[in-house]
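The next block holds one structure in the form of structure tokens; read it before the comments.
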Amino acid sequence: MKKAVLFALLIVSSFQLFSQGTIKGKVIDGKTREELPFVSILILNTQKGEITDESGNFTITNTALGYFKLQASYIGYETVITEDYLVTKDKVPFVTIELFEKASTLDEVVIRSKLFKKSLISPLSLQTLGVVEMEKNPGGNRDVLKVIQSLPGVASNPGFRNDIIIRGGATSENKFYVDGIEIPVINHFQTQGASGGPVGIINADLIRKVDFYSSAFPANRGNALSSVIEFTQKTGNPNSLNTRATLGTSDAGITLDGPIGKNTTFIASVRQSYLQYLFKLIKLPFLPTYNDFQINLKTKLENNDEISFIGLGAIDNFELNESVNDGVTDEETIKRNRYILSNIPVQEQWNYTVGTRYKHFGENSNQQYVLSRSVWNNNSTKYFNNTGNVNDLLLDYTSKEIENKFRFENNTNLNNFSINYGVGLEQAKYSNTTFQKDANSQGTATQNFSSELDLFKYGIFGQVSKNYLNSKLGISLGFRLDGNNYNTSMKNVLNQFSPRISATFALNDKWSINSSVGRYYQLPTYTSLGFRNNANVLVNQQHLKYIQSDHFVSGLEFKPDASSKITLEGFYKAYSNYPFSVKNQISLANLGADFGVVGSEEVTSTSKGKAYGFEIFAQKKSYEGLYGILSYTFIRSEFQNQLNQYIPSSWDNKHLLTVTAGKKLNNNWEIGSKFRLVGGKPYTPYDLNASSIIANYDVENRGILNYTSLNSERFGTYSQLDLRIDKTWFWSKFSLNFYVDVQNVLASKSNGQSFLLPTLDANGNKVINANDSSRYVLEEVDSTSGNVLPGFGFIVDF
């Protein structure tokens, strides 16, 4: 097999044409939108370049092929380095570069230095990922959310889920934006009331860069406690139609981009999974199917006016593979499959977000108007023993979340003060029909209710930033006021006054000190806001409050050269008003890393928590083809239990270490590796007494957790090494990238909580305790993963 693959690669290589490429573009003033003539354009780290003509246009011919950055320099303007652009023989990228004046600039808050972005609003706790870092991250499988797990402060769970856990915060505490438009659903099969899922719906082919904020959030981004993640999309080529086709281990997709008329461009993609066939082949008990789409339209109305439209969405179906044990002889595998089949529901989801943004550029200001609509529909059903019989129904759940949002922002430069202010309005509707049998240590119960909730949300925000002492000192002050009509407390915006301040001081041209203090608020999930008891009473309405988190962050930054950065940051987060489960007597901050629904129960805003630690981050951009990232985080995350004692939360991993490195080789080969070490997180042991009761187990079909011993046990530390090899061929009409991406090459083992299930007799019947006919005889089956996961894919550009 290996010889056949090598032979195929040699045959393909023999037909490769060693061609040269072309880059085109335009340089404009970022404030006035006027074309800038005679600007020097260089391909970064080369002497090859051009000068823009009188209309600001440039063309660089006979370039090498692959990904490249451009550097634009002009007297009186800040030097800018672009993101990466792909150059092939037939694919000519069009790069629009915005330059800003040095002395007085609308974008004064951004300090543009070599390769690394720094903002006065967020001078720390901000990382940026480019195209190459997303596409070729080992083990990332071209999934942007998996790539983010390489960044400092980000924990991840073993397995295939995309739970984003930032500095000890729950998975529900993150907010995602695409081109300034909030995206409530970011994953296929996303857990409602959280943000995790197995596969991201964002197609990396449409993303130009990702800005990741783990604190120091801009005031125009609200309703987040742990992170704000901004995706900036590519724009379509204004000169020609381009196509990219991808075929990977889990899905296939196609992306088109190009012009629509003189002033409009588009880029759009469609992807379809075939995981269900792979999972059935390798004998897994569940069969997921997903489809997603994404589109970005951009129109230039006049020199100072532009409008863009985005759309993305997904359709997800989750079925059970009830014949999974046919022909299987391994007893442990049979038991694991039986356990999974007995408790995972059949699930269907679909969602979409559409939005438009209009921007007007004035002499010293710009304004933008953002309008969007998001809809998320979620259905789950489960029958005892998967009979489909109405008398065996355990779960029948249907819900829909609809959000219609409007935001106005104004950015002004006044006497070297950069000022951002605006308002946001939102109309939201949540509906839920739930029939669910459940059990805990107190016994069984049945939820049976229908709920509809209409919310009107409103907020205002403002931020002022300025440099002092010849730009050595930078200070940014901001605030938010948010409210809604859910109850009296939330209606008063002064109860959600959210101030923040950031400062940076340059000790010299290489060292700087950065700090940020802020108070942030987040609305509890719709599942909690809209929960009703069986008497149809909205039981959480009277006492729920916005969740509050106060951040204190300080750090040092060292830039030894233009392509390197080292940072050290310490952080402390204090939580209050966190929803606390009345039924289970635990903070909801401990939930969210599983399928299903979080928060659909009676809760009170009484829980407190804290997360603290420090991060070390070092990054080297490409130097002679070698690049690397090292990040280490020490983190403690603690929330109160039912006795108001601080105990480790479910996200208290203690140690997070990631090392990513790669090397570009000759003849368009590239190799990369990523090593992750994640400290074992706490977990709650089973209540064996309650679990063995037949009435309880036949409802839950799994062990019942003993919440009086919340997070008293801890998993072991796990590590994983991923490798990736890329080879690219360039022909006259298209290019081909072939990659092999192997996850967990050392077959490292990770332990999950064991499965608890009834023992079966020789006839396949559940064994009942001989001394107590009300109980099953239970056995524990190890939940250990650690398989090598090889993958490969093709990316064709033409």
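Chain lettering (A, B, ...) mirrors the order of the structure tokens, residue numbering begins at 1 for each chain separately, and ligand numbering begins at 1 in order of display.
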Close residues, segment 518-532 of chain A itself excluded, 8 Å, only C-alpha atoms, min 2 positions apart in chain, as a PyMOL selection string: chain A and resi 173+192-193+216+222-225+401+430-432+449-453+496+498-501+516+534-541+544-552+579+597-603
Segment 70-73 of chain A environment, 7 Å, only C-alpha atoms, sequence neighbours closer than 3 positions dropped, as a ChimeraX atom specification: /A:39-44,79-82
Who sits within 8 Å of Ser150 of chain A, only C-alpha atoms, same chain under 4 positions skipped, as a ChimeraX atom specification: /A:146,154,631,658-660,676
Store the residues picked out above in a file with N, CA and C atoms, as a PDB file, in the first residue's frame.
```pdb
ATOM      1  N   LYS A 146     -11.359  23.559  16.405  1.00  0.00           N
ATOM      2  CA  LYS A 146     -10.308  22.664  16.900  1.00  0.00           C
ATOM      3  C   LYS A 146      -8.953  23.362  16.893  1.00  0.00           C
ATOM      4  N   VAL A 154      -7.056  27.748  26.632  1.00  0.00           N
ATOM      5  CA  VAL A 154      -8.143  26.965  26.050  1.00  0.00           C
ATOM      6  C   VAL A 154      -7.948  25.497  26.383  1.00  0.00           C
ATOM      7  N   SER A 631       2.326  27.208  24.199  1.00  0.00           N
ATOM      8  CA  SER A 631       1.479  27.856  25.200  1.00  0.00           C
ATOM      9  C   SER A 631       1.318  26.931  26.407  1.00  0.00           C
ATOM     10  N   THR A 658       0.420  23.155  25.098  1.00  0.00           N
ATOM     11  CA  THR A 658       0.328  22.861  23.672  1.00  0.00           C
ATOM     12  C   THR A 658       1.590  23.349  22.985  1.00  0.00           C
ATOM     13  N   VAL A 659       2.181  22.485  22.173  1.00  0.00           N
ATOM     14  CA  VAL A 659       3.346  22.843  21.372  1.00  0.00           C
ATOM     15  C   VAL A 659       3.035  22.478  19.924  1.00  0.00           C
ATOM     16  N   THR A 660       3.045  23.498  19.061  1.00  0.00           N
ATOM     17  CA  THR A 660       2.781  23.293  17.642  1.00  0.00           C
ATOM     18  C   THR A 660       3.984  23.766  16.845  1.00  0.00           C
ATOM     19  N   ARG A 676      -0.327  18.034  22.710  1.00  0.00           N
ATOM     20  CA  ARG A 676      -1.207  18.609  23.728  1.00  0.00           C
ATOM     21  C   ARG A 676      -1.129  17.791  25.002  1.00  0.00           C
TER      22      ARG A 676
END
```
Segment 555-746 of chain A: residues DSSP assigns to strand (DSSP E or B), reported as number ranges by chain: A: 555-558, 564-581, 587, 597, 603-623, 626-640, 646-648, 654-664, 669-678, 682-683, 686, 693, 705, 713-714, 718-730, 735-743
Can you spit out the residues from that selection as a compact mmCIF listing (two decimals), in the first residue's frame, using C-alpha atoms?
```
# COMPACT_ATOMS: atom_id res chain seq x y z
CA GLY A 555 0.93 40.79 31.78
CA LEU A 556 4.27 41.38 30.11
CA GLU A 557 4.90 41.28 26.38
CA PHE A 558 8.29 40.80 24.72
CA SER A 564 8.42 36.66 17.38
CA LYS A 565 6.32 37.30 20.45
CA ILE A 566 6.46 36.07 24.07
CA THR A 567 3.80 36.96 26.63
CA LEU A 568 3.15 36.24 30.30
CA GLU A 569 -0.33 36.96 31.67
CA GLY A 570 -1.95 36.47 35.05
CA PHE A 571 -5.75 36.48 35.36
CA TYR A 572 -8.49 36.31 37.97
CA LYS A 573 -12.22 35.95 37.23
CA ALA A 574 -14.87 36.35 39.96
CA TYR A 575 -18.37 35.01 39.16
CA SER A 576 -21.67 35.84 40.83
CA ASN A 577 -25.39 35.28 40.12
CA TYR A 578 -24.62 31.99 38.36
CA PRO A 579 -27.73 29.77 37.92
CA PHE A 580 -27.90 27.05 40.58
CA SER A 581 -29.94 23.87 40.06
CA SER A 587 -24.06 25.25 39.76
CA VAL A 597 -29.92 20.36 26.82
CA VAL A 603 -32.70 27.44 39.00
CA THR A 604 -31.78 30.34 41.24
CA SER A 605 -29.20 33.09 40.62
CA THR A 606 -27.22 32.28 43.76
CA SER A 607 -24.02 30.52 42.72
CA LYS A 608 -20.56 32.09 42.99
CA GLY A 609 -17.29 31.01 41.46
CA LYS A 610 -13.74 32.00 40.65
CA ALA A 611 -11.10 31.10 38.10
CA TYR A 612 -7.48 32.19 38.27
CA GLY A 613 -4.04 31.32 36.94
CA PHE A 614 -1.39 32.41 34.49
CA GLU A 615 -0.41 31.84 30.85
CA ILE A 616 2.89 31.70 28.99
CA PHE A 617 2.71 32.08 25.23
CA ALA A 618 5.53 32.11 22.67
CA GLN A 619 5.09 32.30 18.93
CA LYS A 620 7.53 32.38 16.05
CA LYS A 621 6.17 33.26 12.63
CA SER A 622 7.79 31.56 9.68
CA TYR A 623 11.60 31.86 9.66
CA LEU A 626 10.20 27.00 10.33
CA TYR A 627 7.35 28.17 12.60
CA GLY A 628 6.05 27.27 16.03
CA ILE A 629 3.74 28.06 18.97
CA LEU A 630 4.15 27.13 22.62
CA SER A 631 1.48 27.86 25.20
CA TYR A 632 1.24 26.80 28.83
CA THR A 633 -1.62 27.66 31.18
CA PHE A 634 -1.95 27.01 34.89
CA ILE A 635 -5.63 27.25 35.75
CA ARG A 636 -7.81 26.75 38.81
CA SER A 637 -11.58 26.95 38.47
CA GLU A 638 -13.83 26.67 41.53
CA PHE A 639 -17.56 27.10 42.16
CA GLN A 640 -19.66 26.78 45.27
CA TYR A 646 -15.64 26.39 46.87
CA ILE A 647 -14.75 23.13 45.16
CA PRO A 648 -13.09 22.40 41.79
CA LYS A 654 -4.85 22.76 36.33
CA HIS A 655 -2.31 22.30 33.53
CA LEU A 656 -2.68 22.97 29.79
CA LEU A 657 0.30 22.65 27.46
CA THR A 658 0.33 22.86 23.67
CA VAL A 659 3.35 22.84 21.37
CA THR A 660 2.78 23.29 17.64
CA ALA A 661 5.61 23.34 15.10
CA GLY A 662 6.01 23.02 11.37
CA LYS A 663 8.55 23.24 8.59
CA LYS A 664 8.15 24.16 4.93
CA TRP A 669 6.28 19.74 0.98
CA GLU A 670 5.34 20.73 4.53
CA ILE A 671 5.31 18.82 7.80
CA GLY A 672 3.76 19.79 11.12
CA SER A 673 3.16 18.38 14.57
CA LYS A 674 1.11 19.32 17.62
CA PHE A 675 1.52 18.01 21.14
CA ARG A 676 -1.21 18.61 23.73
CA LEU A 677 -1.15 17.84 27.44
CA VAL A 678 -4.34 18.46 29.41
CA PRO A 682 -12.74 16.55 38.10
CA TYR A 683 -15.83 14.40 37.87
CA TYR A 686 -22.09 7.56 40.75
CA ILE A 693 -33.10 0.92 41.48
CA LEU A 705 -24.50 10.96 39.78
CA GLU A 713 -12.83 12.46 41.77
CA ARG A 714 -10.39 13.39 39.02
CA TYR A 718 -3.92 12.92 29.03
CA SER A 719 -1.68 13.84 26.14
CA GLN A 720 -1.92 13.58 22.39
CA LEU A 721 0.52 13.96 19.51
CA ASP A 722 -0.82 14.81 16.05
CA LEU A 723 1.15 14.84 12.78
CA ARG A 724 0.37 16.30 9.39
CA ILE A 725 2.13 16.10 6.01
CA ASP A 726 1.18 18.32 3.06
CA LYS A 727 2.25 18.21 -0.55
CA THR A 728 1.07 20.76 -3.13
CA TRP A 729 1.32 20.57 -6.92
CA PHE A 730 0.80 23.58 -9.17
CA SER A 735 -3.43 23.24 -8.02
CA LEU A 736 -3.76 20.19 -5.79
CA ASN A 737 -2.99 19.94 -2.09
CA PHE A 738 -2.87 16.41 -0.68
CA TYR A 739 -2.52 15.99 3.07
CA VAL A 740 -2.29 13.20 5.61
CA ASP A 741 -3.43 14.19 9.11
CA VAL A 742 -2.95 11.59 11.85
CA GLN A 743 -4.38 12.28 15.29
```
Alpha helix (DSSP H) positions in segment 4-210 of chain A, given as a PyMOL selection string: chain A and resi 4-14+131-135+144-148
Counting only C-alpha atoms, the option among A:Leu320, A:Val210, A:Leu151, A:Val745 closest to Asn337 of chain A: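 Under the stated criterion, the closest residue is A:Leu320.
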Residue nearest Lys335 of chain A - candidates A:Ile460, A:Leu756, A:Ile768, A:Leu477, atoms counted: only C-alpha atoms: A:Leu756
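Nearest to Glu54 of chain A of all the residues A:Ile282, A:Ser476, A:Lys69, A:Phe38 is A:Phe38, based on only C-alpha atoms.
Distance-wise, atom CA of Gly30 of chain A and atom CA of Phe361 of chain A end up 8.9 Å apart.
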Surrounding residues of Ser125 of chain A excluding itself and chain neighbours under 4 positions, 7 Å, only C-alpha atoms, as JSON, numbers by chain: {"A": [213, 214, 215, 216]}
Same residues, C-alpha atoms, saved as a PDB file, in the first residue's frame:
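That gives us part_0.pdb:
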```pdb
ATOM      1  CA  TYR A 213     -10.397  37.475  22.905  1.00  0.00           C
ATOM      2  CA  SER A 214     -10.125  35.656  26.251  1.00  0.00           C
ATOM      3  CA  SER A 215     -10.670  38.926  28.182  1.00  0.00           C
ATOM      4  CA  ALA A 216     -10.585  42.717  27.616  1.00  0.00           C
TER       5      ALA A 216
END
```
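Taking atom CA of Glu101 of chain A and atom CA of Glu78 of chain A as endpoints, the distance between them is 6.1 Å.
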Pick from A:Asn420, A:Thr684, A:Asn304, A:Ser441 nearest to Ala219 of chain A, counting only C-alpha atoms: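 Looking only at the distances to Ala219 of chain A, the closest residue turns out to be A:Asn420.
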Distance query Lys89 of chain A at most 7 Å, only C-alpha atoms, self and fewer than 3 positions along chain excluded, as a VMD selection string: chain A and resid 19 to 21 730 to 733
